[in-house]
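The data block below is coords_6.txt; it holds compact mmCIF, C-alpha atoms and all ligand atoms.
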# COMPACT_ATOMS: atom_id res chain seq x y z
CA MET A 842 -12.47 8.42 11.09
CA HIS A 843 -12.53 9.86 14.55
CA ASP A 844 -10.46 12.67 15.86
CA ASP A 845 -8.89 12.62 19.30
CA ARG A 846 -7.38 16.05 19.19
CA GLU A 847 -9.73 17.57 21.72
CA ASP A 848 -8.62 15.15 24.44
CA ASP A 849 -5.29 16.86 24.76
CA THR A 850 -6.82 20.17 25.71
CA MET A 851 -7.90 18.45 28.94
CA THR A 852 -4.28 18.02 30.03
CA ASP A 853 -1.39 20.44 30.51
CA ASN A 854 0.37 19.12 27.45
CA PRO A 855 1.00 21.82 24.86
CA ARG A 856 -0.68 21.16 21.54
CA ALA A 857 1.40 20.78 18.42
CA GLU A 858 0.26 24.14 17.05
CA ASP A 859 1.39 25.87 20.25
CA GLU A 860 4.94 24.60 19.80
CA VAL A 861 5.42 24.82 16.08
CA VAL A 862 6.46 28.47 15.93
CA ARG A 863 9.20 28.00 18.53
CA LEU A 864 10.45 24.86 16.79
CA CYS A 865 10.53 26.59 13.41
CA GLN A 866 12.37 29.61 14.80
CA ASP A 867 14.89 27.45 16.62
CA LEU A 868 15.63 25.43 13.49
CA ILE A 869 16.02 28.51 11.28
CA GLY A 870 18.39 29.94 13.90
CA ILE A 871 20.77 27.01 13.35
CA ASP A 872 22.66 27.76 10.13
CA THR A 873 22.74 24.58 8.03
CA SER A 874 23.72 26.17 4.71
CA ASN A 875 24.63 23.56 2.14
CA TYR A 876 27.01 24.88 -0.54
CA GLY A 877 27.22 21.49 -2.19
CA ASP A 878 31.01 21.32 -1.83
CA GLY A 879 31.25 20.28 1.82
CA SER A 880 32.27 23.77 2.98
CA GLY A 881 29.11 24.53 4.96
CA PRO A 882 28.53 24.08 8.70
CA GLY A 883 26.73 20.74 8.21
CA GLU A 884 23.56 19.57 9.89
CA ARG A 885 25.03 18.23 13.13
CA LYS A 886 23.82 21.08 15.39
CA ALA A 887 20.31 20.94 13.96
CA ALA A 888 20.30 17.15 14.30
CA GLU A 889 21.33 17.43 17.95
CA TYR A 890 18.49 19.89 18.48
CA VAL A 891 16.03 17.45 16.90
CA MET A 892 17.44 14.65 19.09
CA SER A 893 16.82 16.63 22.25
CA GLU A 894 13.27 17.60 21.20
CA LEU A 895 12.46 13.93 20.50
CA THR A 896 14.13 12.40 23.55
CA GLU A 897 12.44 14.96 25.80
CA VAL A 898 9.07 13.36 25.01
CA GLY A 899 10.33 9.83 25.59
CA LEU A 900 11.29 8.76 22.07
CA ASP A 901 14.52 6.98 21.22
CA PRO A 902 15.88 8.56 18.04
CA GLU A 903 19.19 7.75 16.37
CA LEU A 904 21.64 10.34 15.08
CA ILE A 905 23.51 9.06 12.04
CA GLU A 906 26.49 10.76 10.44
CA SER A 907 27.44 9.89 6.88
CA GLU A 908 30.64 11.84 7.53
CA PRO A 909 31.67 14.17 10.36
CA GLY A 910 29.11 16.96 10.70
CA ARG A 911 26.69 15.57 8.12
CA ALA A 912 24.00 14.30 10.40
CA SER A 913 20.50 12.88 9.99
CA VAL A 914 18.05 11.75 12.67
CA VAL A 915 15.66 8.81 12.34
CA VAL A 916 13.14 7.51 14.86
CA ARG A 917 10.52 4.80 14.52
CA ILE A 918 7.22 5.10 16.36
CA GLU A 919 5.28 1.92 16.79
CA GLY A 920 1.74 1.93 15.46
CA GLU A 921 -1.44 0.07 16.37
CA ASP A 922 -0.96 -2.27 13.45
CA SER A 923 2.69 -2.86 12.66
CA SER A 924 1.75 -5.40 10.02
CA ARG A 925 0.66 -2.50 7.82
CA GLY A 926 3.32 -0.81 5.72
CA ALA A 927 5.06 1.93 7.68
CA LEU A 928 4.75 5.58 6.72
CA VAL A 929 7.94 7.63 6.39
CA VAL A 930 7.51 11.29 7.35
CA HIS A 931 10.66 13.13 6.41
CA GLY A 932 12.18 16.55 6.09
CA HIS A 933 15.65 17.83 5.29
CA LEU A 934 17.69 19.79 7.79
CA ASP A 935 19.96 21.61 5.35
CA VAL A 936 19.11 24.84 3.52
CA VAL A 937 20.52 26.59 0.48
CA PRO A 938 22.90 29.44 1.37
CA ALA A 939 21.58 32.99 1.80
CA ASN A 940 23.34 36.22 0.89
CA ALA A 941 22.38 38.38 3.90
CA ALA A 942 22.97 41.65 2.00
CA ASP A 943 20.04 40.86 -0.32
CA TRP A 944 17.57 40.30 2.53
CA GLN A 945 15.36 42.69 4.51
CA VAL A 946 16.25 40.73 7.65
CA ASP A 947 19.10 38.56 8.94
CA PRO A 948 18.34 35.23 7.20
CA PHE A 949 19.30 33.24 10.31
CA ALA A 950 17.66 35.42 12.98
CA ALA A 951 14.22 33.78 12.53
CA GLU A 952 12.49 37.09 13.15
CA LEU A 953 8.76 37.34 13.69
CA LYS A 954 7.59 40.23 11.54
CA ASP A 955 4.27 41.01 9.81
CA ASP A 956 2.79 37.79 11.23
CA CYS A 957 5.43 35.73 9.45
CA ILE A 958 8.56 33.85 10.50
CA TRP A 959 11.38 35.09 8.30
CA GLY A 960 14.55 33.27 7.44
CA ARG A 961 16.37 30.78 5.27
CA GLY A 962 14.43 27.54 5.42
CA ALA A 963 11.11 29.14 6.41
CA VAL A 964 9.48 27.41 3.43
CA ASP A 965 12.25 24.99 2.35
CA MET A 966 11.82 23.25 4.64
CA LYS A 967 12.26 24.01 8.31
CA ASP A 968 8.56 24.94 8.37
CA MET A 969 7.63 21.33 7.64
CA ASP A 970 10.42 20.01 9.88
CA ALA A 971 8.88 22.02 12.73
CA MET A 972 5.39 20.79 11.89
CA ILE A 973 6.59 17.19 11.91
CA LEU A 974 8.42 17.65 15.21
CA ALA A 975 5.45 19.40 16.81
CA CYS A 976 3.04 16.64 15.74
CA VAL A 977 5.38 13.86 16.83
CA ARG A 978 5.94 15.49 20.22
CA GLU A 979 2.18 15.83 20.66
CA LEU A 980 1.65 12.22 19.68
CA ALA A 981 4.39 10.91 21.97
CA ARG A 982 3.10 12.89 24.95
CA SER A 983 -0.45 11.71 24.37
CA GLY A 984 0.65 8.10 24.78
CA LYS A 985 -1.50 7.13 21.80
CA LYS A 986 -0.27 4.98 18.99
CA PRO A 987 -0.64 6.06 15.38
CA PRO A 988 -2.59 3.60 13.18
CA ARG A 989 0.59 2.21 11.64
CA ASP A 990 4.33 2.50 12.27
CA LEU A 991 5.75 5.93 11.58
CA ILE A 992 9.37 6.44 10.58
CA ILE A 993 10.37 10.04 11.18
CA GLY A 994 13.43 11.22 9.26
CA MET A 995 15.24 14.55 9.52
CA LEU A 996 17.80 14.25 6.78
CA ALA A 997 21.06 15.84 5.70
CA ASP A 998 22.18 17.10 2.30
CA GLU A 999 18.92 17.25 0.33
CA GLU A 1000 19.97 20.49 -1.33
CA ALA A 1001 22.96 18.74 -2.90
CA GLY A 1002 21.09 15.66 -4.08
CA GLY A 1003 21.03 13.77 -0.76
CA LEU A 1004 24.31 11.92 -1.36
CA LYS A 1005 25.26 12.47 2.30
CA GLY A 1006 21.68 12.17 3.52
CA SER A 1007 18.80 10.21 2.03
CA HIS A 1008 20.83 8.33 -0.57
CA TRP A 1009 23.53 7.48 1.97
CA LEU A 1010 20.94 6.14 4.42
CA VAL A 1011 19.20 4.11 1.71
CA ASP A 1012 22.54 2.61 0.64
CA HIS A 1013 24.10 2.06 4.09
CA ARG A 1014 21.21 1.83 6.56
CA PRO A 1015 18.22 0.51 4.59
CA GLU A 1016 16.97 -1.34 7.71
CA LEU A 1017 15.92 2.04 9.12
CA PHE A 1018 13.14 2.06 6.54
CA GLU A 1019 12.24 -1.61 6.77
CA GLY A 1020 8.59 -2.31 6.06
CA ALA A 1021 7.88 1.21 4.82
CA THR A 1022 5.58 1.52 1.83
CA GLU A 1023 4.79 5.24 1.60
CA ALA A 1024 6.34 8.58 2.45
CA ILE A 1025 5.39 12.22 2.74
CA SER A 1026 7.61 15.31 2.64
CA GLU A 1027 8.00 18.54 0.62
CA VAL A 1028 6.97 20.11 -1.89
CA GLY A 1029 3.19 19.97 -2.01
CA GLY A 1030 0.07 20.55 0.02
CA TYR A 1031 0.25 24.35 -0.15
CA SER A 1032 -2.67 26.42 -1.36
CA VAL A 1033 -3.07 28.65 -4.38
CA THR A 1034 -5.96 31.09 -4.58
CA PHE A 1035 -7.67 32.23 -7.76
CA GLU A 1036 -10.95 33.53 -9.11
CA GLY A 1037 -13.20 30.49 -9.51
CA THR A 1038 -16.64 30.09 -11.04
CA SER A 1039 -18.23 30.89 -7.69
CA GLY A 1040 -15.86 33.50 -6.31
CA GLU A 1041 -12.49 33.20 -4.63
CA GLN A 1042 -11.29 29.61 -4.77
CA ARG A 1043 -8.48 27.92 -2.89
CA ALA A 1044 -6.87 24.76 -4.21
CA TYR A 1045 -4.20 22.70 -2.49
CA LEU A 1046 -1.59 21.26 -4.81
CA LEU A 1047 -0.65 17.80 -3.71
CA GLN A 1048 2.56 16.54 -5.22
CA THR A 1049 2.24 13.09 -6.72
CA ALA A 1050 5.04 13.13 -9.30
CA GLU A 1051 8.58 14.45 -9.70
CA LYS A 1052 10.64 14.97 -12.78
CA GLY A 1053 13.94 13.15 -13.05
CA ILE A 1054 17.32 14.86 -13.07
CA ALA A 1055 20.16 14.55 -15.55
CA TRP A 1056 23.05 16.92 -14.90
CA LEU A 1057 25.27 16.57 -17.94
CA ARG A 1058 28.60 17.95 -19.08
CA LEU A 1059 29.20 18.50 -22.76
CA VAL A 1060 32.86 18.20 -23.65
CA ALA A 1061 33.91 19.39 -27.10
CA HIS A 1062 37.17 18.27 -28.67
CA GLY A 1063 39.11 20.11 -31.32
CA ARG A 1064 42.56 21.02 -32.60
CA ALA A 1065 44.62 23.42 -30.51
CA GLY A 1066 46.43 26.18 -32.32
CA HIS A 1067 47.62 29.77 -32.61
CA GLY A 1068 44.87 32.37 -32.38
CA SER A 1069 46.06 33.99 -35.64
CA VAL A 1070 45.80 30.83 -37.75
CA PRO A 1071 42.53 29.68 -39.38
CA ASN A 1072 41.15 26.59 -37.60
CA ASP A 1073 38.09 24.63 -38.72
CA GLU A 1074 38.28 22.24 -35.75
CA ASN A 1075 37.85 24.81 -32.99
CA ALA A 1076 36.50 23.19 -29.81
CA VAL A 1077 34.89 26.44 -28.67
CA VAL A 1078 32.94 26.71 -31.92
CA ARG A 1079 31.95 23.04 -31.83
CA LEU A 1080 30.66 23.48 -28.32
CA ALA A 1081 28.78 26.66 -29.22
CA GLN A 1082 27.11 24.91 -32.16
CA ALA A 1083 26.06 22.02 -29.95
CA ILE A 1084 24.67 24.45 -27.39
CA ALA A 1085 22.71 26.28 -30.07
CA ARG A 1086 21.26 23.02 -31.45
CA ILE A 1087 20.19 21.77 -28.03
CA ASP A 1088 18.74 25.12 -27.01
CA ALA A 1089 16.75 25.37 -30.25
CA HIS A 1090 15.29 21.91 -29.80
CA VAL A 1091 11.58 21.95 -29.09
CA TRP A 1092 10.86 19.23 -26.55
CA PRO A 1093 7.56 17.56 -27.36
CA ARG A 1094 4.80 18.20 -24.88
CA GLU A 1095 3.36 15.30 -23.00
CA TYR A 1096 0.71 15.58 -20.37
CA ILE A 1097 1.37 12.95 -17.74
CA ALA A 1098 -1.57 11.93 -15.58
CA SER A 1099 -0.87 14.29 -12.68
CA VAL A 1100 -0.44 17.28 -15.01
CA ARG A 1101 -3.59 16.43 -16.95
CA GLN A 1102 -5.59 16.05 -13.75
CA LEU A 1103 -4.29 19.39 -12.51
CA LEU A 1104 -5.19 21.17 -15.74
CA ASP A 1105 -8.63 19.55 -15.92
CA GLY A 1106 -9.26 20.39 -12.27
CA LEU A 1107 -8.24 24.00 -12.76
CA ALA A 1108 -10.40 24.25 -15.87
CA GLU A 1109 -13.39 22.99 -13.94
CA LEU A 1110 -12.85 25.31 -10.98
CA THR A 1111 -12.27 28.39 -13.12
CA GLY A 1112 -14.63 27.65 -16.01
CA ILE A 1113 -11.77 28.34 -18.40
CA THR A 1114 -11.41 25.81 -21.17
CA TYR A 1115 -7.93 25.19 -22.47
CA ALA A 1116 -6.27 23.86 -25.57
CA ASP A 1117 -3.21 21.64 -25.29
CA ASP A 1118 -1.20 24.15 -27.29
CA ASP A 1119 -2.36 27.20 -25.34
CA LEU A 1120 -2.42 26.89 -21.59
CA SER A 1121 -1.71 30.53 -20.85
CA PRO A 1122 -5.18 31.67 -19.80
CA LEU A 1123 -5.40 28.77 -17.40
CA LEU A 1124 -1.87 28.88 -15.98
CA THR A 1125 -2.13 32.61 -15.32
CA LYS A 1126 -4.58 31.67 -12.58
CA LEU A 1127 -1.82 29.94 -10.66
CA GLY A 1128 0.19 33.11 -10.01
CA GLY A 1129 3.70 32.33 -8.82
CA ALA A 1130 3.13 28.57 -8.97
CA ARG A 1131 2.84 28.87 -12.75
CA GLY A 1132 6.55 28.23 -13.29
CA PHE A 1133 6.34 25.01 -11.29
CA VAL A 1134 3.68 23.74 -13.68
CA GLU A 1135 5.28 25.02 -16.89
CA GLY A 1136 8.36 22.98 -16.09
CA THR A 1137 6.29 19.80 -16.08
CA LEU A 1138 4.74 20.03 -19.54
CA GLN A 1139 7.81 18.60 -21.29
CA ASP A 1140 11.43 17.66 -20.71
CA THR A 1141 13.75 20.63 -20.28
CA ALA A 1142 17.44 21.33 -20.89
CA ASN A 1143 19.08 24.50 -19.57
CA PHE A 1144 22.74 25.44 -19.94
CA THR A 1145 24.17 26.75 -16.69
CA MET A 1146 28.01 26.90 -16.88
CA LEU A 1147 30.74 27.26 -19.50
CA ASP A 1148 34.45 26.52 -19.32
CA SER A 1149 37.10 26.89 -21.97
CA GLY A 1150 40.46 28.36 -22.84
CA TYR A 1151 43.28 30.00 -20.90
CA LYS A 1152 44.78 32.69 -23.14
CA HIS A 1153 43.32 35.18 -25.60
CA ASN A 1154 45.54 34.09 -28.48
CA VAL A 1155 45.47 30.32 -27.92
CA ILE A 1156 42.77 28.11 -29.46
CA PRO A 1157 42.12 25.44 -26.80
CA GLN A 1158 41.72 21.81 -27.71
CA GLY A 1159 38.72 21.39 -25.43
CA ALA A 1160 35.67 23.25 -24.16
CA SER A 1161 32.88 22.20 -21.83
CA ALA A 1162 29.40 23.25 -20.81
CA SER A 1163 27.12 22.20 -17.96
CA LEU A 1164 23.59 21.26 -18.83
CA ASP A 1165 20.72 20.80 -16.37
CA CYS A 1166 18.14 18.44 -17.87
CA ARG A 1167 14.88 17.43 -16.21
CA PHE A 1168 12.83 14.63 -17.71
CA LEU A 1169 9.28 13.42 -17.25
CA PRO A 1170 8.64 9.90 -15.92
CA GLY A 1171 9.68 7.35 -18.55
CA HIS A 1172 11.62 9.88 -20.66
CA GLU A 1173 15.21 9.42 -19.48
CA ASP A 1174 16.44 7.22 -22.33
CA ASP A 1175 14.80 9.39 -24.98
CA LEU A 1176 16.20 12.54 -23.47
CA MET A 1177 19.73 11.15 -23.34
CA ALA A 1178 19.52 9.91 -26.92
CA THR A 1179 18.25 13.29 -28.10
CA ILE A 1180 20.99 15.21 -26.30
CA ARG A 1181 23.70 12.89 -27.67
CA GLU A 1182 22.40 13.27 -31.20
CA LEU A 1183 22.15 17.06 -30.95
CA ALA A 1184 25.60 17.31 -29.35
CA GLY A 1185 27.08 15.86 -32.52
CA GLU A 1186 30.19 13.85 -33.31
CA PHE A 1187 32.76 16.24 -31.79
CA VAL A 1188 31.06 16.68 -28.44
CA ASP A 1189 30.97 14.00 -25.73
CA VAL A 1190 28.11 13.88 -23.25
CA GLU A 1191 29.11 12.96 -19.69
CA VAL A 1192 26.66 12.26 -16.89
CA VAL A 1193 27.60 14.22 -13.76
CA HIS A 1194 24.55 13.32 -11.67
CA ARG A 1195 21.28 11.63 -12.39
CA ASP A 1196 18.22 10.67 -10.42
CA ILE A 1197 14.92 9.07 -11.24
CA ALA A 1198 11.52 10.57 -11.98
CA LEU A 1199 8.60 9.67 -9.72
CA ASP A 1200 4.97 9.10 -10.56
CA ALA A 1201 2.56 8.07 -7.81
CA PRO A 1202 -1.19 7.55 -8.18
CA PHE A 1203 -3.61 10.31 -7.11
CA ASP A 1204 -6.22 7.61 -6.77
CA ALA A 1205 -4.84 6.03 -3.59
CA PRO A 1206 -6.04 5.64 0.02
CA ILE A 1207 -3.20 7.77 1.36
CA VAL A 1208 -4.25 10.61 -0.95
CA GLU A 1209 -7.80 10.33 0.35
CA GLN A 1210 -6.41 10.70 3.88
CA MET A 1211 -4.43 13.81 2.90
CA LYS A 1212 -7.54 15.28 1.27
CA ALA A 1213 -9.69 14.49 4.29
CA ALA A 1214 -7.18 16.14 6.66
CA LEU A 1215 -7.03 19.26 4.48
CA LEU A 1216 -10.78 19.52 3.96
CA ALA A 1217 -11.47 19.08 7.67
CA GLU A 1218 -9.57 22.33 8.25
CA ASP A 1219 -10.58 24.08 5.02
CA PRO A 1220 -13.90 22.62 3.85
CA GLU A 1221 -14.42 24.93 0.87
CA ALA A 1222 -11.12 24.15 -0.80
CA ALA A 1223 -10.24 21.82 -3.67
CA VAL A 1224 -7.30 19.42 -3.75
CA LEU A 1225 -5.46 18.78 -7.02
CA PRO A 1226 -2.40 16.72 -7.94
CA TYR A 1227 0.71 18.19 -9.50
CA CYS A 1228 4.14 17.19 -10.68
CA LEU A 1229 7.24 18.85 -9.22
CA SER A 1230 9.77 20.10 -11.75
CA GLY A 1231 12.54 19.70 -9.15
CA GLY A 1232 13.50 16.76 -6.98
CA THR A 1233 13.23 15.68 -3.34
CA ASP A 1234 14.51 12.96 -1.03
CA ASN A 1235 11.55 10.85 -2.14
CA LYS A 1236 13.72 9.80 -5.10
CA ALA A 1237 16.11 8.00 -2.75
CA LEU A 1238 13.30 6.31 -0.82
CA GLN A 1239 11.77 5.06 -4.07
CA GLN A 1240 14.83 2.82 -4.42
CA LEU A 1241 13.49 0.89 -1.42
CA GLY A 1242 10.07 0.68 -3.05
CA ILE A 1243 8.64 3.52 -0.96
CA THR A 1244 6.09 5.66 -2.79
CA GLY A 1245 6.59 9.32 -1.92
CA TYR A 1246 4.23 12.27 -1.93
CA GLY A 1247 4.75 15.98 -1.39
CA PHE A 1248 2.50 16.92 1.49
CA ALA A 1249 3.64 19.85 3.60
CA PRO A 1250 0.24 21.43 4.14
CA LEU A 1251 0.04 25.22 4.26
CA ARG A 1252 -3.00 27.42 3.87
CA LEU A 1253 -1.47 30.55 2.39
CA PRO A 1254 -2.84 34.08 2.11
CA ALA A 1255 -4.09 34.82 -1.42
CA ASP A 1256 -1.58 37.62 -1.94
CA LEU A 1257 1.53 35.74 -0.83
CA ASP A 1258 3.67 34.85 -3.83
CA PHE A 1259 4.85 31.58 -2.36
CA ALA A 1260 6.59 29.55 -5.06
CA PRO A 1261 9.44 32.05 -5.72
CA MET A 1262 10.42 31.87 -2.04
CA PHE A 1263 11.94 28.44 -2.52
CA HIS A 1264 15.65 29.31 -2.59
CA GLY A 1265 14.62 32.99 -2.97
CA ILE A 1266 15.28 36.04 -0.83
CA ASP A 1267 13.08 37.16 2.09
CA GLU A 1268 11.87 33.60 2.55
CA ARG A 1269 9.06 33.62 5.13
CA VAL A 1270 6.10 31.61 6.27
CA PRO A 1271 2.94 33.07 7.82
CA VAL A 1272 2.47 31.96 11.43
CA GLU A 1273 -1.19 31.13 10.77
CA SER A 1274 -0.21 28.96 7.78
CA LEU A 1275 2.21 27.06 9.94
CA LYS A 1276 -0.39 26.45 12.64
CA PHE A 1277 -2.94 25.41 10.03
CA GLY A 1278 -0.45 22.96 8.52
CA THR A 1279 0.30 21.51 11.94
CA ARG A 1280 -3.38 20.85 12.58
CA VAL A 1281 -3.73 19.18 9.17
CA LEU A 1282 -0.62 17.08 9.63
CA SER A 1283 -1.71 16.06 13.12
CA ARG A 1284 -5.08 14.88 11.76
CA PHE A 1285 -3.39 13.07 8.91
CA LEU A 1286 -0.96 11.21 11.19
CA ALA A 1287 -3.78 10.27 13.57
CA ASN A 1288 -5.87 8.82 10.77
CA SER A 1289 -3.49 7.23 8.28
ZN ZN B 1301 13.58 21.36 0.10
Please rewrite the model in this file as structure tokens.
Amino acid sequence: MHDDREDDTMTDNPRAEDEVVRLCQDLIGIDTSNYGDGSGPGERKAAEYVMSELTEVGLDPELIESEPGRASVVVRIEGEDSSRGALVVHGHLDVVPANAADWQVDPFAAELKDDCIWGRGAVDMKDMDAMILACVRELARSGKKPPRDLIIGMLADEEAGGLKGSHWLVDHRPELFEGATEAISEVGGYSVTFEGTSGEQRAYLLQTAEKGIAWLRLVAHGRAGHGSVPNDENAVVRLAQAIARIDAHVWPREYIASVRQLLDGLAELTGITYADDDLSPLLTKLGGARGFVEGTLQDTANFTMLDSGYKHNVIPQGASASLDCRFLPGHEDDLMATIRELAGEFVDVEVVHRDIALDAPFDAPIVEQMKAALLAEDPEAAVLPYCLSGGTDNKALQQLGITGYGFAPLRLPADLDFAPMFHGIDERVPVESLKFGTRVLSRFLANS
């Protein structure tokens, strides 16, 4: 695989890594908070910004609104060999809201401080959006074609399940993704650093799987009555008992391929052997990313909201609880059956939102290309697969048969506790990490 990157230094064209900081700051500066109830500012302004950055370099992107203000941008770039399956490179334009009072800085000022860009979206995922834009601008200005067609997507509404973004596009504009076979996006490709057998070791976690989502509502039924009268059909009690049963349930562990490969890889790099029932010594090595992995060892079910009653002395006839379940690939039916059984005869289980689990092979040419791009910039590092406990827009694309990976490459400082910054306070990305990621992504796009 050859690398043409040096050619561009001969011209006046800025390189991708020279533009990425500006692009990231500009995007963070456009508030695209997604509250999930339609009350936010929407993505339109950010989408218009993306449009202007793409048209400036001669591309012909399309801005698509699923409803007023909820905008995505898609552009197709023709490759050398359009008969090959196209590669979708996508990011989301929305961010989760930020409570400014909790932050050290204004979350939408995109300040440069301590060699980092600070702000909501700095890691989720305006960093990657900026990297994609920078690489695409570089590619377009170079006049070179990528090896295969690229479909660049900057999508709305990911933080609320993509119903007004990726899922809407897949349902209403599937032709935009015609011929695509693979996709890359968040949340993978970042480095973790730990003490290895031969000193400090960096490993990049490449996301090859995603758990599925089942947001459920448990609705208990009972007999209404006066608060002073004994009642053995109390909906609140029935709900509480169901909650206690579900919470006490021990979900069986299952190590899917990506999790097993991650654990085996870590064991080899650290020299720490592990037992399937005691992963602690090994997972401790992952620092803040530990929680990401612990969520992928089994299905999970967490209660998040409760609702019942309207007066202190009235027994209500109903009570409800919200349950956030995440299942491993292939586990959805089992999980639903288990929840229904544990909920019991007086509690109905309603599905509020569901989405599929994903499981892509680590042993694939596209993974080799990601590895090669990473190792070209960081030759000493290791690359391991992992499963994401959350979800991304790759779920929607899978419905068109597109296999998605999490590859937003970032070489991170060893002491940066990265994982908790997703949706956390003081979200920030090191400038050097962003430039590194841009170089890796540029190599990847030039060679895949
Ligand atoms: Zn995200």
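Using only C-alpha atoms, the contacts of A:Met1211 at a cut-off of 7 Å, with sequence neighbours closer than 4 positions omitted, comprise A:Ile1207, A:Leu1215, A:Phe1285.
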Please, which residues have at least one atom within 9 Å of an atom of ligand ZN 1301 (chain B), using only C-alpha atoms and all ligand atoms, listed as number ranges by chain? A: 932-937, 962, 964-967, 999-1000, 1026-1028, 1232-1234, 1263-1264
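Considering the residues A:Gly1132, A:Pro1206, A:Gly1063, A:Gly870 and counting all atoms listed in the file, A:Asp1189 has its shortest atom-to-atom contact with A:Gly1063.
Here atom CA of A:Lys1052 is placed at a distance of 15.9 Å from atom CA of A:Arg1131.
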Near A:Thr1179, counting all atoms listed in the file, which residues have an atom at most 10 Å away, once you skip same-chain residues fewer than 6 positions from it, shown as a list in words? Ile1087, His1090, Trp1092 and Glu1173 of chain A
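Atom CA of A:Asp1219 to atom CA of A:Phe1133 spans 23.5 Å [interatomic distance, one decimal].
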Spatial neighbours of A:Glu1135, max dist 9 Å, all atoms listed in the file, sep filter under 4 positions, as a PyMOL selection string: chain A and resi 1124+1130-1131+1139+1230
Out of A:Thr1111, A:Asn940, A:Ser1149, A:Thr1279, which residue has the shortest atom-to-atom distance to A:Glu1036 when counting only C-alpha atoms? A:Thr1111
Give me stretch 998-1010 of chain A with N, CA, C and O atoms filled in, as a PDB file, keeping the file's coordinate frame.
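Output file selection19.pdb follows:
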ATOM      1  N   ASP A 998      21.650  17.028   3.679  1.00  0.00           N
ATOM      2  CA  ASP A 998      22.180  17.100   2.300  1.00  0.00           C
ATOM      3  C   ASP A 998      21.166  17.043   1.166  1.00  0.00           C
ATOM      4  O   ASP A 998      21.539  16.771   0.025  1.00  0.00           O
ATOM      5  N   GLU A 999      19.893  17.316   1.433  1.00  0.00           N
ATOM      6  CA  GLU A 999      18.920  17.250   0.330  1.00  0.00           C
ATOM      7  C   GLU A 999      19.258  18.248  -0.767  1.00  0.00           C
ATOM      8  O   GLU A 999      19.090  17.968  -1.952  1.00  0.00           O
ATOM      9  N   GLU A1000      19.735  19.424  -0.353  1.00  0.00           N
ATOM     10  CA  GLU A1000      19.970  20.490  -1.330  1.00  0.00           C
ATOM     11  C   GLU A1000      21.150  20.206  -2.260  1.00  0.00           C
ATOM     12  O   GLU A1000      21.396  20.951  -3.204  1.00  0.00           O
ATOM     13  N   ALA A1001      21.891  19.144  -1.970  1.00  0.00           N
ATOM     14  CA  ALA A1001      22.960  18.740  -2.900  1.00  0.00           C
ATOM     15  C   ALA A1001      22.707  17.332  -3.419  1.00  0.00           C
ATOM     16  O   ALA A1001      23.651  16.598  -3.730  1.00  0.00           O
ATOM     17  N   GLY A1002      21.438  16.947  -3.482  1.00  0.00           N
ATOM     18  CA  GLY A1002      21.090  15.660  -4.080  1.00  0.00           C
ATOM     19  C   GLY A1002      21.000  14.509  -3.086  1.00  0.00           C
ATOM     20  O   GLY A1002      20.741  13.373  -3.469  1.00  0.00           O
ATOM     21  N   GLY A1003      21.232  14.797  -1.786  1.00  0.00           N
ATOM     22  CA  GLY A1003      21.030  13.770  -0.760  1.00  0.00           C
ATOM     23  C   GLY A1003      22.121  12.708  -0.706  1.00  0.00           C
ATOM     24  O   GLY A1003      21.941  11.661  -0.081  1.00  0.00           O
ATOM     25  N   LEU A1004      23.268  12.948  -1.339  1.00  0.00           N
ATOM     26  CA  LEU A1004      24.310  11.920  -1.360  1.00  0.00           C
ATOM     27  C   LEU A1004      24.859  11.651   0.041  1.00  0.00           C
ATOM     28  O   LEU A1004      25.336  10.556   0.336  1.00  0.00           O
ATOM     29  N   LYS A1005      24.798  12.664   0.918  1.00  0.00           N
ATOM     30  CA  LYS A1005      25.260  12.470   2.300  1.00  0.00           C
ATOM     31  C   LYS A1005      24.085  12.392   3.266  1.00  0.00           C
ATOM     32  O   LYS A1005      24.253  12.496   4.475  1.00  0.00           O
ATOM     33  N   GLY A1006      22.891  12.260   2.711  1.00  0.00           N
ATOM     34  CA  GLY A1006      21.680  12.170   3.520  1.00  0.00           C
ATOM     35  C   GLY A1006      20.845  10.987   3.089  1.00  0.00           C
ATOM     36  O   GLY A1006      21.192   9.832   3.337  1.00  0.00           O
ATOM     37  N   SER A1007      19.749  11.275   2.369  1.00  0.00           N
ATOM     38  CA  SER A1007      18.800  10.210   2.030  1.00  0.00           C
ATOM     39  C   SER A1007      19.446   9.075   1.237  1.00  0.00           C
ATOM     40  O   SER A1007      19.236   7.893   1.547  1.00  0.00           O
ATOM     41  N   HIS A1008      20.227   9.402   0.233  1.00  0.00           N
ATOM     42  CA  HIS A1008      20.830   8.330  -0.570  1.00  0.00           C
ATOM     43  C   HIS A1008      21.824   7.510   0.254  1.00  0.00           C
ATOM     44  O   HIS A1008      21.902   6.290   0.124  1.00  0.00           O
ATOM     45  N   TRP A1009      22.567   8.188   1.111  1.00  0.00           N
ATOM     46  CA  TRP A1009      23.530   7.480   1.970  1.00  0.00           C
ATOM     47  C   TRP A1009      22.792   6.517   2.904  1.00  0.00           C
ATOM     48  O   TRP A1009      23.194   5.365   3.073  1.00  0.00           O
ATOM     49  N   LEU A1010      21.713   6.994   3.496  1.00  0.00           N
ATOM     50  CA  LEU A1010      20.940   6.140   4.420  1.00  0.00           C
ATOM     51  C   LEU A1010      20.336   4.947   3.684  1.00  0.00           C
ATOM     52  O   LEU A1010      20.350   3.818   4.190  1.00  0.00           O
TER      53      LEU A1010
END
